[in-house]
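Chemist: Sharing start07.txt, compact mmCIF, C-alpha atoms and all ligand atoms:
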# COMPACT_ATOMS: atom_id res chain seq x y z
CA MET J 1 -55.37 -0.63 9.42
CA ASN J 2 -53.68 0.69 6.32
CA LYS J 3 -56.34 3.17 5.27
CA SER J 4 -54.32 4.39 2.31
CA ILE J 5 -54.90 1.19 0.34
CA ASN J 6 -57.96 1.06 -1.83
CA TYR J 7 -58.72 -2.65 -1.90
CA SER J 8 -61.33 -2.18 -4.63
CA SER J 9 -58.40 -1.65 -6.99
CA TYR J 10 -57.49 -5.31 -6.47
CA PHE J 11 -60.57 -5.99 -8.55
CA THR J 12 -59.93 -3.48 -11.32
CA GLU J 13 -58.87 -6.25 -13.64
CA TRP J 14 -58.86 -9.64 -11.92
CA GLY J 15 -58.37 -10.56 -8.26
CA ILE J 16 -59.09 -13.56 -6.06
CA ILE J 17 -60.50 -13.52 -2.55
CA ALA J 18 -60.25 -16.97 -1.02
CA GLY J 19 -60.30 -18.74 2.32
CA PRO J 20 -62.41 -20.84 4.59
CA CYS J 21 -66.15 -20.52 4.92
CA SER J 22 -65.55 -20.10 8.65
CA ALA J 23 -62.50 -19.27 10.68
CA GLU J 24 -62.21 -22.31 12.95
CA SER J 25 -58.91 -21.96 14.76
CA GLU J 26 -55.83 -19.77 14.74
CA LEU J 27 -53.82 -22.53 13.09
CA GLN J 28 -56.39 -23.05 10.34
CA VAL J 29 -56.47 -19.31 9.54
CA LEU J 30 -52.68 -18.90 9.55
CA GLU J 31 -52.07 -22.02 7.50
CA THR J 32 -54.64 -20.99 4.89
CA ALA J 33 -53.35 -17.41 4.75
CA ALA J 34 -49.76 -18.57 4.18
CA PHE J 35 -50.81 -20.97 1.44
CA LEU J 36 -53.03 -18.48 -0.37
CA LYS J 37 -50.48 -15.68 -0.20
CA GLN J 38 -47.96 -17.95 -1.85
CA GLN J 39 -50.59 -18.66 -4.54
CA GLY J 40 -50.97 -14.98 -5.34
CA VAL J 41 -54.34 -14.45 -3.66
CA VAL J 42 -54.87 -10.81 -2.72
CA ILE J 43 -57.44 -11.13 0.08
CA LEU J 44 -58.06 -13.86 2.64
CA ARG J 45 -61.73 -14.42 3.43
CA ALA J 46 -62.92 -16.05 6.66
CA GLY J 47 -66.40 -15.98 8.17
CA VAL J 48 -66.32 -15.11 11.85
CA TRP J 49 -69.93 -14.30 12.72
CA LYS J 50 -71.84 -16.85 10.67
CA PRO J 51 -75.48 -16.18 9.84
CA ARG J 52 -76.84 -19.72 10.26
CA THR J 53 -80.22 -21.03 9.23
CA ASN J 54 -80.80 -22.65 12.63
CA PRO J 55 -80.01 -21.06 15.97
CA GLU J 56 -78.80 -24.43 17.29
CA ASP J 57 -76.04 -24.51 14.67
CA TRP J 58 -72.52 -23.30 15.41
CA GLN J 59 -72.51 -19.53 14.93
CA GLY J 60 -68.79 -19.11 14.11
CA PRO J 61 -65.94 -18.31 16.50
CA GLY J 62 -67.03 -14.70 17.05
CA ASP J 63 -64.89 -11.81 18.28
CA VAL J 64 -61.97 -14.02 19.34
CA ALA J 65 -61.13 -14.65 15.68
CA MET J 66 -60.14 -11.00 15.18
CA GLU J 67 -56.80 -11.91 16.76
CA TRP J 68 -56.36 -14.74 14.27
CA LEU J 69 -57.02 -12.42 11.33
CA LYS J 70 -54.61 -9.82 12.71
CA LYS J 71 -51.89 -12.47 12.97
CA ALA J 72 -52.61 -13.70 9.44
CA LYS J 73 -52.18 -10.15 8.14
CA GLN J 74 -48.90 -9.68 9.96
CA LYS J 75 -47.38 -13.06 9.19
CA SER J 76 -48.49 -13.45 5.57
CA GLN J 77 -48.85 -9.82 4.50
CA ILE J 78 -52.26 -10.58 3.05
CA ALA J 79 -55.38 -8.41 3.27
CA VAL J 80 -58.24 -9.93 5.26
CA ALA J 81 -62.00 -9.85 4.82
CA THR J 82 -64.93 -10.99 6.88
CA GLU J 83 -68.72 -10.86 6.81
CA VAL J 84 -70.39 -8.32 9.04
CA LYS J 85 -73.99 -8.89 9.98
CA ASP J 86 -74.91 -5.98 12.20
CA GLU J 87 -73.55 -2.74 13.63
CA HIS J 88 -71.68 -4.52 16.43
CA THR J 89 -69.81 -6.91 14.17
CA PHE J 90 -69.04 -4.06 11.78
CA GLN J 91 -67.50 -2.04 14.60
CA VAL J 92 -65.49 -4.95 15.97
CA ALA J 93 -64.11 -5.77 12.50
CA VAL J 94 -63.17 -2.17 11.72
CA GLU J 95 -61.55 -1.79 15.14
CA ALA J 96 -59.50 -4.96 14.52
CA GLY J 97 -58.22 -3.61 11.20
CA VAL J 98 -60.09 -5.99 8.90
CA ASP J 99 -59.34 -4.57 5.45
CA VAL J 100 -62.45 -5.51 3.51
CA LEU J 101 -65.92 -6.15 4.89
CA TRP J 102 -68.66 -8.02 3.15
CA VAL J 103 -72.40 -8.13 3.56
CA GLY J 104 -73.74 -11.61 2.96
CA SER J 105 -76.74 -12.71 1.00
CA ARG J 106 -78.99 -12.92 4.05
CA ASN J 107 -78.37 -9.28 4.93
CA ALA J 108 -78.02 -7.95 1.42
CA GLN J 109 -81.38 -6.19 1.61
CA ASN J 110 -81.07 -5.09 5.21
CA PHE J 111 -81.31 -1.45 4.21
CA SER J 112 -80.68 0.01 7.63
CA LEU J 113 -77.46 -2.01 7.92
CA LEU J 114 -76.38 -1.01 4.40
CA GLU J 115 -77.08 2.64 5.11
CA TYR J 116 -75.25 2.40 8.43
CA ILE J 117 -72.20 0.90 6.69
CA GLY J 118 -72.31 3.55 3.98
CA LYS J 119 -72.35 6.37 6.49
CA ALA J 120 -69.74 4.72 8.72
CA THR J 121 -67.29 4.37 5.80
CA LYS J 122 -68.01 7.73 4.22
CA VAL J 123 -64.65 9.10 5.30
CA THR J 124 -62.49 5.98 5.37
CA LYS J 125 -63.87 4.74 2.02
CA GLN J 126 -63.25 1.21 3.17
CA THR J 127 -64.02 -1.41 0.51
CA ILE J 128 -67.33 -3.20 1.02
CA ILE J 129 -68.28 -6.34 -0.88
CA LEU J 130 -72.03 -6.58 -1.31
CA LYS J 131 -73.31 -10.02 -2.16
CA ARG J 132 -76.51 -10.46 -4.12
CA ALA J 133 -79.50 -11.36 -1.97
CA MET J 134 -80.51 -14.91 -2.82
CA SER J 135 -83.54 -13.90 -4.83
CA ALA J 136 -82.75 -10.29 -5.72
CA SER J 137 -83.49 -8.99 -9.17
CA LEU J 138 -81.00 -6.69 -10.88
CA VAL J 139 -82.90 -3.58 -9.79
CA GLU J 140 -83.04 -4.81 -6.20
CA TRP J 141 -79.34 -5.66 -6.10
CA LEU J 142 -78.27 -2.32 -7.57
CA GLY J 143 -80.71 -0.49 -5.31
CA ALA J 144 -79.17 -2.21 -2.29
CA ALA J 145 -75.70 -1.16 -3.48
CA ARG J 146 -76.78 2.47 -3.67
CA TYR J 147 -77.55 2.48 0.05
CA ILE J 148 -73.77 2.25 0.44
CA THR J 149 -72.42 3.98 -2.69
CA ARG J 150 -74.30 7.21 -2.02
CA TYR J 151 -71.85 7.61 0.89
CA ASN J 152 -68.90 5.41 -0.07
CA PRO J 153 -68.30 4.49 -3.73
CA HIS J 154 -65.90 1.62 -2.93
CA VAL J 155 -68.38 -1.20 -3.34
CA VAL J 156 -67.62 -4.48 -5.09
CA LEU J 157 -70.66 -6.52 -6.09
CA CYS J 158 -70.57 -10.29 -5.62
CA GLU J 159 -72.80 -12.70 -7.50
CA ARG J 160 -73.28 -15.90 -5.45
CA GLY J 161 -76.08 -17.60 -7.28
CA VAL J 162 -79.81 -17.27 -6.86
CA ARG J 163 -82.53 -19.62 -5.72
CA GLY J 164 -83.96 -21.57 -8.58
CA TYR J 165 -84.81 -25.01 -9.80
CA SER J 166 -81.84 -27.33 -9.88
CA PRO J 167 -81.72 -30.09 -7.31
CA ASP J 168 -78.11 -30.80 -8.24
CA THR J 169 -76.56 -27.46 -7.31
CA ARG J 170 -76.99 -25.22 -4.29
CA ASN J 171 -77.94 -22.16 -6.35
CA ILE J 172 -78.15 -21.08 -9.98
CA LEU J 173 -75.04 -19.16 -11.05
CA ASP J 174 -76.64 -16.21 -12.80
CA LEU J 175 -73.78 -14.74 -14.81
CA GLN J 176 -76.19 -12.93 -17.09
CA THR J 177 -77.66 -10.70 -14.40
CA ALA J 178 -74.22 -10.36 -12.82
CA TYR J 179 -72.84 -9.01 -16.08
CA LEU J 180 -75.75 -6.60 -16.40
CA ALA J 181 -74.92 -5.44 -12.87
CA LYS J 182 -71.36 -4.76 -13.98
CA MET J 183 -72.43 -2.82 -17.06
CA GLN J 184 -75.16 -0.82 -15.37
CA SER J 185 -73.42 0.03 -12.10
CA GLY J 186 -69.86 0.58 -13.30
CA LEU J 187 -68.79 -1.25 -10.12
CA PRO J 188 -66.42 -4.23 -10.10
CA VAL J 189 -68.32 -7.51 -9.99
CA ILE J 190 -66.80 -10.69 -8.60
CA VAL J 191 -68.34 -14.15 -8.49
CA ASP J 192 -68.55 -16.53 -5.55
CA VAL J 193 -68.47 -19.86 -7.30
CA SER J 194 -68.54 -21.83 -4.03
CA HIS J 195 -71.94 -20.74 -2.78
CA ALA J 196 -73.33 -20.91 -6.31
CA ALA J 197 -72.26 -24.51 -6.87
CA GLY J 198 -72.42 -25.94 -3.37
CA ARG J 199 -70.08 -28.68 -4.58
CA THR J 200 -66.40 -28.86 -5.40
CA ASP J 201 -66.49 -30.46 -8.84
CA LEU J 202 -67.92 -27.33 -10.47
CA ILE J 203 -65.47 -24.84 -8.98
CA ILE J 204 -62.73 -24.95 -11.63
CA PRO J 205 -64.95 -24.90 -14.74
CA MET J 206 -67.20 -22.17 -13.36
CA ALA J 207 -64.20 -20.09 -12.27
CA ARG J 208 -62.77 -20.36 -15.77
CA ALA J 209 -66.07 -19.19 -17.21
CA VAL J 210 -66.13 -16.25 -14.82
CA LYS J 211 -62.66 -15.10 -15.81
CA ALA J 212 -63.26 -15.63 -19.52
CA ALA J 213 -66.47 -13.61 -19.37
CA GLY J 214 -64.65 -10.55 -18.10
CA PHE J 215 -65.70 -10.34 -14.46
CA ASN J 216 -63.35 -8.68 -11.99
CA GLY J 217 -62.58 -11.58 -9.76
CA LEU J 218 -63.51 -14.63 -7.86
CA MET J 219 -64.52 -15.54 -4.35
CA VAL J 220 -63.80 -19.15 -3.50
CA GLU J 221 -63.90 -21.17 -0.31
CA VAL J 222 -60.65 -22.96 0.52
CA HIS J 223 -60.06 -25.09 3.60
CA PRO J 224 -57.03 -27.15 4.69
CA ASP J 225 -59.30 -30.12 5.49
CA PRO J 226 -62.70 -29.61 3.82
CA LYS J 227 -64.15 -32.94 4.93
CA ASN J 228 -63.90 -31.84 8.53
CA ALA J 229 -64.93 -28.22 7.99
CA ARG J 230 -67.51 -27.00 10.48
CA THR J 231 -69.56 -25.24 7.78
CA ASP J 232 -70.07 -25.77 4.05
CA SER J 233 -67.85 -28.84 3.95
CA LEU J 234 -69.22 -30.04 0.59
CA GLN J 235 -68.19 -26.95 -1.34
CA GLN J 236 -64.81 -25.98 0.10
CA ILE J 237 -61.79 -26.96 -1.97
CA ASP J 238 -58.51 -28.17 -0.48
CA PHE J 239 -55.08 -26.66 -1.13
CA GLY J 240 -54.25 -29.11 -3.92
CA THR J 241 -57.44 -28.25 -5.79
CA PHE J 242 -56.76 -24.55 -5.32
CA SER J 243 -53.33 -25.03 -6.95
CA LEU J 244 -55.03 -26.72 -9.89
CA LEU J 245 -57.48 -23.84 -10.06
CA SER J 246 -54.62 -21.31 -10.15
CA THR J 247 -52.83 -23.18 -12.92
CA SER J 248 -56.02 -23.50 -14.87
CA LEU J 249 -56.96 -19.82 -14.47
CA ALA J 250 -53.51 -18.70 -15.58
CA LEU J 251 -54.40 -20.01 -19.02
CA VAL J 252 -57.54 -17.87 -19.21
CA PRO J 253 -56.92 -14.26 -20.20
CA ALA J 254 -58.53 -11.52 -18.13
CA VAL J 255 -60.69 -9.51 -20.52
C1 LIG A 301 -70.32 -17.00 2.97
O1 LIG A 301 -69.69 -16.34 2.13
O2 LIG A 301 -69.78 -17.77 3.79
C2 LIG A 301 -71.80 -16.95 2.92
C3 LIG A 301 -72.53 -17.23 3.99
O3 LIG A 301 -72.28 -16.66 1.70
P1 LIG A 301 -73.70 -16.11 1.24
O4 LIG A 301 -73.99 -14.92 2.08
O5 LIG A 301 -73.49 -15.80 -0.20
O6 LIG A 301 -74.68 -17.23 1.45
MN MN A 302 -69.84 -20.68 3.22
Kindly present the structure from the file in structure tokens form.

Modeler:
Amino acid sequence: MNKSINYSSYFTEWGIIAGPCSAESELQVLETAAFLKQQGVVILRAGVWKPRTNPEDWQGPGDVAMEWLKKAKQKSQIAVATEVKDEHTFQVAVEAGVDVLWVGSRNAQNFSLLEYIGKATKVTKQTIILKRAMSASLVEWLGAARYITRYNPHVVLCERGVRGYSPDTRNILDLQTAYLAKMQSGLPVIVDVSHAAGRTDLIIPMARAVKAAGFNGLMVEVHPDPKNARTDSLQQIDFGTFSLLSTSLALVPAV
């Protein structure tokens, strides 16, 4: 792992972290990494240990996918990120040289995990993306962040929508609270438009709104063949749509 790079700086102004909801095969990871690198994406995301609602559901590829991420880094010279859900997955990811780790919404108030990650990255200062828990208030989200920042300041907050009333979208994209989080914490705040929308037709307009508002970046799910994705197939965009997104975002100034 290149410990000298501070990946939080990718989000000082505007950066994009993109990739599949789940790593599904070596080919899928390598293909997506190569495409996104060529599109100027700074970090490849891929879920490896998926926190699923039902235990019968596919739980992600697990440890084997570390090799796929390592190859993607080498071949495409792109930073890689994955979700860690406990101490074991954290250790495996760090050992494998995963550059950026994120804590997902379901674990975003798991204080012992957050404190563990804070302490474990106190020296390395590895960048940690902390998503907003699905019903966290501003105070709760910022409080969760402090479990890490009191040891390691390199935290990037990620708004991913909150539970609310709208049968037409997966979550409510709460840019208001997300912007308050940015102002009050001084941390970079990025927005995961995919988990907020839960559908592909809102990705480009919401991403444009996020950039225009002055957030620090975007998280977006991209898959070579979304229809056949093993998780979140309705919200992942294909490569063609990502190209349209890039072109469209280029016209929006970063604040
Ligand atoms: C994900 O990013 O794939 C994910 C599970 O998101 P969230 O934790 O925001 O639901
Ligand atoms: Mn997903």

Chemist: Looking at all atoms listed in the file, which of J:Met206, J:Leu36, J:Leu251, J:Leu175 is the one that sits closest to J:Val189?

Modeler: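 That would be J:Leu175, the residue with the smallest distance to J:Val189.
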
Chemist: To one decimal in Å, tell me the separation between atom CA of J:Ala34 and atom CA of J:Ala79.

Modeler: 11.6 Å

Chemist: Using only C-alpha atoms and all ligand atoms, find each residue of chain J with at least one atom at most 6 Å away from an atom of ligand LIG 301 (chain A); report its shortest atom-to-atom pair and that distance in Å (one decimal), sort the rows by chain and rising residue number, and return the result as JSON lines.

Modeler:
{"residue": "J:Cys21", "atom": "CA", "partner": "A:LIG301", "partner_atom": "O2", "distance": 4.7}
{"residue": "J:Gly47", "atom": "CA", "partner": "A:LIG301", "partner_atom": "O2", "distance": 5.8}
{"residue": "J:Gly104", "atom": "CA", "partner": "A:LIG301", "partner_atom": "O4", "distance": 3.4}
{"residue": "J:Ser105", "atom": "CA", "partner": "A:LIG301", "partner_atom": "O4", "distance": 3.7}
{"residue": "J:Arg106", "atom": "CA", "partner": "A:LIG301", "partner_atom": "O4", "distance": 5.7}
{"residue": "J:Arg160", "atom": "CA", "partner": "A:LIG301", "partner_atom": "O5", "distance": 5.3}
{"residue": "J:His195", "atom": "CA", "partner": "A:LIG301", "partner_atom": "O5", "distance": 5.8}

Chemist: Selected residues, C-alpha atoms, written as a CSV table (one decimal), keeping the file's coordinate frame, please.

Modeler:
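Final output, part28.csv:
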chain,number,residue,atom,x,y,z
J,21,CYS,CA,-66.2,-20.5,4.9
J,47,GLY,CA,-66.4,-16.0,8.2
J,104,GLY,CA,-73.7,-11.6,3.0
J,105,SER,CA,-76.7,-12.7,1.0
J,106,ARG,CA,-79.0,-12.9,4.0
J,160,ARG,CA,-73.3,-15.9,-5.4
J,195,HIS,CA,-71.9,-20.7,-2.8

Chemist: Residues up to 10 Å from ligand MN 302 (chain A), counting all atoms listed in the file: could you list those as a short mmCIF file (atom, residue, chain, number, x, y, z; two decimals) with C-alpha atoms, in the frame of the given file?

Modeler:
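This is the output file part_3.cif:
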data_model
loop_
_atom_site.label_atom_id
_atom_site.label_comp_id
_atom_site.auth_asym_id
_atom_site.auth_seq_id
_atom_site.Cartn_x
_atom_site.Cartn_y
_atom_site.Cartn_z
CA GLY J 19 -60.30 -18.74 2.32
CA PRO J 20 -62.41 -20.84 4.59
CA CYS J 21 -66.15 -20.52 4.92
CA SER J 22 -65.55 -20.10 8.65
CA ALA J 46 -62.92 -16.05 6.66
CA GLY J 47 -66.40 -15.98 8.17
CA LYS J 50 -71.84 -16.85 10.67
CA PRO J 51 -75.48 -16.18 9.84
CA ARG J 52 -76.84 -19.72 10.26
CA GLY J 104 -73.74 -11.61 2.96
CA ASP J 192 -68.55 -16.53 -5.55
CA SER J 194 -68.54 -21.83 -4.03
CA HIS J 195 -71.94 -20.74 -2.78
CA GLY J 198 -72.42 -25.94 -3.37
CA VAL J 220 -63.80 -19.15 -3.50
CA GLU J 221 -63.90 -21.17 -0.31
CA VAL J 222 -60.65 -22.96 0.52
CA ARG J 230 -67.51 -27.00 10.48
CA THR J 231 -69.56 -25.24 7.78
CA ASP J 232 -70.07 -25.77 4.05
CA SER J 233 -67.85 -28.84 3.95
CA LEU J 234 -69.22 -30.04 0.59
CA GLN J 235 -68.19 -26.95 -1.34
CA GLN J 236 -64.81 -25.98 0.10
#

Chemist: Mind giving me the straight-line distance from atom CA of J:Ile190 to atom CA of J:Tyr7 in Å, one decimal?

Modeler: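 Result for atom CA of J:Ile190 versus atom CA of J:Tyr7: 13.2 Å, one decimal.
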
Chemist: What separation in Å, quoted to one decimal, exists between atom CA of J:Ser246 and atom CA of J:Cys158?

Modeler: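 We find that atom CA of J:Ser246 and atom CA of J:Cys158 lie 19.9 Å from each other.
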
Chemist: Mind checking which residues fall within 10 Å of stretch 107-112 of chain J, counting all atoms listed in the file, ignoring those fewer than 5 positions away in the same chain, and posting them as a ChimeraX atom specification?

Modeler: /J:51,83-87,102,117-118,130-134,136,140-141,143-148

Chemist: Leaving out stretch 73-77 of chain J and any residue of its chain fewer than 3 positions from it, which residues lie within 12 Å of it when counting only C-alpha atoms, given as a PDB file with C-alpha atoms, in the coordinates of the input?

Modeler:
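To be explicit, this is the file written out as out.pdb:
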ATOM      1  CA  MET J   1     -55.370  -0.630   9.420  1.00  0.00           C
ATOM      2  CA  ASN J   2     -53.680   0.690   6.320  1.00  0.00           C
ATOM      3  CA  VAL J  29     -56.470 -19.310   9.540  1.00  0.00           C
ATOM      4  CA  LEU J  30     -52.680 -18.900   9.550  1.00  0.00           C
ATOM      5  CA  GLU J  31     -52.070 -22.020   7.500  1.00  0.00           C
ATOM      6  CA  THR J  32     -54.640 -20.990   4.890  1.00  0.00           C
ATOM      7  CA  ALA J  33     -53.350 -17.410   4.750  1.00  0.00           C
ATOM      8  CA  ALA J  34     -49.760 -18.570   4.180  1.00  0.00           C
ATOM      9  CA  PHE J  35     -50.810 -20.970   1.440  1.00  0.00           C
ATOM     10  CA  LEU J  36     -53.030 -18.480  -0.370  1.00  0.00           C
ATOM     11  CA  LYS J  37     -50.480 -15.680  -0.200  1.00  0.00           C
ATOM     12  CA  GLN J  38     -47.960 -17.950  -1.850  1.00  0.00           C
ATOM     13  CA  GLN J  39     -50.590 -18.660  -4.540  1.00  0.00           C
ATOM     14  CA  GLY J  40     -50.970 -14.980  -5.340  1.00  0.00           C
ATOM     15  CA  VAL J  41     -54.340 -14.450  -3.660  1.00  0.00           C
ATOM     16  CA  VAL J  42     -54.870 -10.810  -2.720  1.00  0.00           C
ATOM     17  CA  ILE J  43     -57.440 -11.130   0.080  1.00  0.00           C
ATOM     18  CA  LEU J  44     -58.060 -13.860   2.640  1.00  0.00           C
ATOM     19  CA  ARG J  45     -61.730 -14.420   3.430  1.00  0.00           C
ATOM     20  CA  MET J  66     -60.140 -11.000  15.180  1.00  0.00           C
ATOM     21  CA  GLU J  67     -56.800 -11.910  16.760  1.00  0.00           C
ATOM     22  CA  TRP J  68     -56.360 -14.740  14.270  1.00  0.00           C
ATOM     23  CA  LEU J  69     -57.020 -12.420  11.330  1.00  0.00           C
ATOM     24  CA  LYS J  70     -54.610  -9.820  12.710  1.00  0.00           C
ATOM     25  CA  VAL J  80     -58.240  -9.930   5.260  1.00  0.00           C
ATOM     26  CA  ALA J  81     -62.000  -9.850   4.820  1.00  0.00           C
ATOM     27  CA  ALA J  96     -59.500  -4.960  14.520  1.00  0.00           C
ATOM     28  CA  GLY J  97     -58.220  -3.610  11.200  1.00  0.00           C
ATOM     29  CA  VAL J  98     -60.090  -5.990   8.900  1.00  0.00           C
ATOM     30  CA  ASP J  99     -59.340  -4.570   5.450  1.00  0.00           C
TER      31      ASP J  99
END

Chemist: With only C-alpha atoms as the basis for distance, which of J:Thr200, J:Thr12, J:Thr89, J:Ser137 is at the shortest distance from J:Arg170?

Modeler: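 The answer is J:Thr200, which sits nearest to J:Arg170.
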
Chemist: Can you tell me which residues surround J:Trp14 at a distance of at most 10 Å, considering only C-alpha atoms, apart from same-chain residues fewer than 5 positions away, and format the answer as a list in words?

Modeler: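 Answer for this query is Ser9, Pro188, Val189, Ile190, Lys211, Gly214, Phe215, Asn216, Gly217, Leu218, Pro253, Ala254 and Val255 of chain J.
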
Chemist: Next, dump the selected residues to file, keeping only C-alpha atoms, as a PDB file, keeping the file's coordinate frame.

Modeler:
ATOM      1  CA  SER J   9     -58.400  -1.650  -6.990  1.00  0.00           C
ATOM      2  CA  PRO J 188     -66.420  -4.230 -10.100  1.00  0.00           C
ATOM      3  CA  VAL J 189     -68.320  -7.510  -9.990  1.00  0.00           C
ATOM      4  CA  ILE J 190     -66.800 -10.690  -8.600  1.00  0.00           C
ATOM      5  CA  LYS J 211     -62.660 -15.100 -15.810  1.00  0.00           C
ATOM      6  CA  GLY J 214     -64.650 -10.550 -18.100  1.00  0.00           C
ATOM      7  CA  PHE J 215     -65.700 -10.340 -14.460  1.00  0.00           C
ATOM      8  CA  ASN J 216     -63.350  -8.680 -11.990  1.00  0.00           C
ATOM      9  CA  GLY J 217     -62.580 -11.580  -9.760  1.00  0.00           C
ATOM     10  CA  LEU J 218     -63.510 -14.630  -7.860  1.00  0.00           C
ATOM     11  CA  PRO J 253     -56.920 -14.260 -20.200  1.00  0.00           C
ATOM     12  CA  ALA J 254     -58.530 -11.520 -18.130  1.00  0.00           C
ATOM     13  CA  VAL J 255     -60.690  -9.510 -20.520  1.00  0.00           C
TER      14      VAL J 255
END

Chemist: Which polymer residues, protein or nucleic acid, are no farther than 9 Å from (-61.6, -29.7, -2.6), counting all atoms listed in the file, as a list in words?

Modeler: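 With a cut-off of 9 Å, the residues come to Arg199, Thr200, Asp201, Ile203, Val222, His223, Pro224, Asp225, Pro226, Lys227, Leu234, Gln235, Gln236, Ile237, Asp238, Phe239, Gly240, Thr241 and Phe242 of chain J.
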
Chemist: Output C-alpha atoms for every residue in the selection just made, as a short mmCIF file (atom, residue, chain, number, x, y, z; two decimals), in the coordinates of the input.

Modeler:
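selection-v3.cif, written as the output of this step:
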data_model
loop_
_atom_site.label_atom_id
_atom_site.label_comp_id
_atom_site.auth_asym_id
_atom_site.auth_seq_id
_atom_site.Cartn_x
_atom_site.Cartn_y
_atom_site.Cartn_z
CA ARG J 199 -70.08 -28.68 -4.58
CA THR J 200 -66.40 -28.86 -5.40
CA ASP J 201 -66.49 -30.46 -8.84
CA ILE J 203 -65.47 -24.84 -8.98
CA VAL J 222 -60.65 -22.96 0.52
CA HIS J 223 -60.06 -25.09 3.60
CA PRO J 224 -57.03 -27.15 4.69
CA ASP J 225 -59.30 -30.12 5.49
CA PRO J 226 -62.70 -29.61 3.82
CA LYS J 227 -64.15 -32.94 4.93
CA LEU J 234 -69.22 -30.04 0.59
CA GLN J 235 -68.19 -26.95 -1.34
CA GLN J 236 -64.81 -25.98 0.10
CA ILE J 237 -61.79 -26.96 -1.97
CA ASP J 238 -58.51 -28.17 -0.48
CA PHE J 239 -55.08 -26.66 -1.13
CA GLY J 240 -54.25 -29.11 -3.92
CA THR J 241 -57.44 -28.25 -5.79
CA PHE J 242 -56.76 -24.55 -5.32
#

Chemist: Edge lengths and centre in Å to one decimal, as lines of an AutoDock Vina configuration file, is what I'm after for the box along x, y and z that holds all listed atoms of stretch 209-217 of chain J once 6 Å is added on each side.

Modeler:
center_x = -64.5
center_y = -13.9
center_z = -14.6
size_x = 15.9
size_y = 22.5
size_z = 21.8

Chemist: Of the candidates J:Met219, J:Asn171, J:Thr82, J:Gly60, which one gets nearest to J:Ile17 if we count all atoms listed in the file?

Modeler: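 The closest residue to J:Ile17 is J:Met219.
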
Chemist: Go through J:Leu187, J:Leu142, J:Ala181, J:Ala18 one by one, measure the shortest atom-to-atom distance of each to J:Val156 using only C-alpha atoms, and give the residue with the smallest value.

Modeler: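 Going through J:Leu187, J:Leu142, J:Ala181, J:Ala18 one by one, the smallest distance to J:Val156 is for J:Leu187.
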
Chemist: Please rebuild stretch 63-74 of chain J with N, CA and C atoms and give the result as an mmCIF file, in the coordinates of the input.

Modeler:
data_model
loop_
_atom_site.group_PDB
_atom_site.id
_atom_site.type_symbol
_atom_site.label_atom_id
_atom_site.label_comp_id
_atom_site.auth_asym_id
_atom_site.auth_seq_id
_atom_site.Cartn_x
_atom_site.Cartn_y
_atom_site.Cartn_z
ATOM 1 N N ASP J 63 -65.910 -12.857 18.135
ATOM 2 C CA ASP J 63 -64.890 -11.810 18.280
ATOM 3 C C ASP J 63 -63.458 -12.336 18.435
ATOM 4 N N VAL J 64 -63.309 -13.492 19.070
ATOM 5 C CA VAL J 64 -61.970 -14.020 19.340
ATOM 6 C C VAL J 64 -61.152 -14.175 18.055
ATOM 7 N N ALA J 65 -61.842 -14.403 16.936
ATOM 8 C CA ALA J 65 -61.130 -14.650 15.680
ATOM 9 C C ALA J 65 -60.472 -13.394 15.107
ATOM 10 N N MET J 66 -60.805 -12.233 15.654
ATOM 11 C CA MET J 66 -60.140 -11.000 15.180
ATOM 12 C C MET J 66 -58.631 -11.101 15.385
ATOM 13 N N GLU J 67 -58.240 -11.739 16.497
ATOM 14 C CA GLU J 67 -56.800 -11.910 16.760
ATOM 15 C C GLU J 67 -56.167 -12.807 15.708
ATOM 16 N N TRP J 68 -56.895 -13.813 15.279
ATOM 17 C CA TRP J 68 -56.360 -14.740 14.270
ATOM 18 C C TRP J 68 -56.160 -13.995 12.945
ATOM 19 N N LEU J 69 -57.137 -13.158 12.601
ATOM 20 C CA LEU J 69 -57.020 -12.420 11.330
ATOM 21 C C LEU J 69 -55.867 -11.414 11.402
ATOM 22 N N LYS J 70 -55.723 -10.774 12.560
ATOM 23 C CA LYS J 70 -54.610 -9.820 12.710
ATOM 24 C C LYS J 70 -53.277 -10.524 12.515
ATOM 25 N N LYS J 71 -53.149 -11.721 13.112
ATOM 26 C CA LYS J 71 -51.890 -12.470 12.970
ATOM 27 C C LYS J 71 -51.669 -12.884 11.515
ATOM 28 N N ALA J 72 -52.739 -13.281 10.838
ATOM 29 C CA ALA J 72 -52.610 -13.700 9.440
ATOM 30 C C ALA J 72 -52.100 -12.536 8.590
ATOM 31 N N LYS J 73 -52.621 -11.349 8.876
ATOM 32 C CA LYS J 73 -52.180 -10.150 8.140
ATOM 33 C C LYS J 73 -50.691 -9.910 8.348
ATOM 34 N N GLN J 74 -50.303 -9.960 9.631
ATOM 35 C CA GLN J 74 -48.900 -9.680 9.960
ATOM 36 C C GLN J 74 -47.969 -10.717 9.371
#
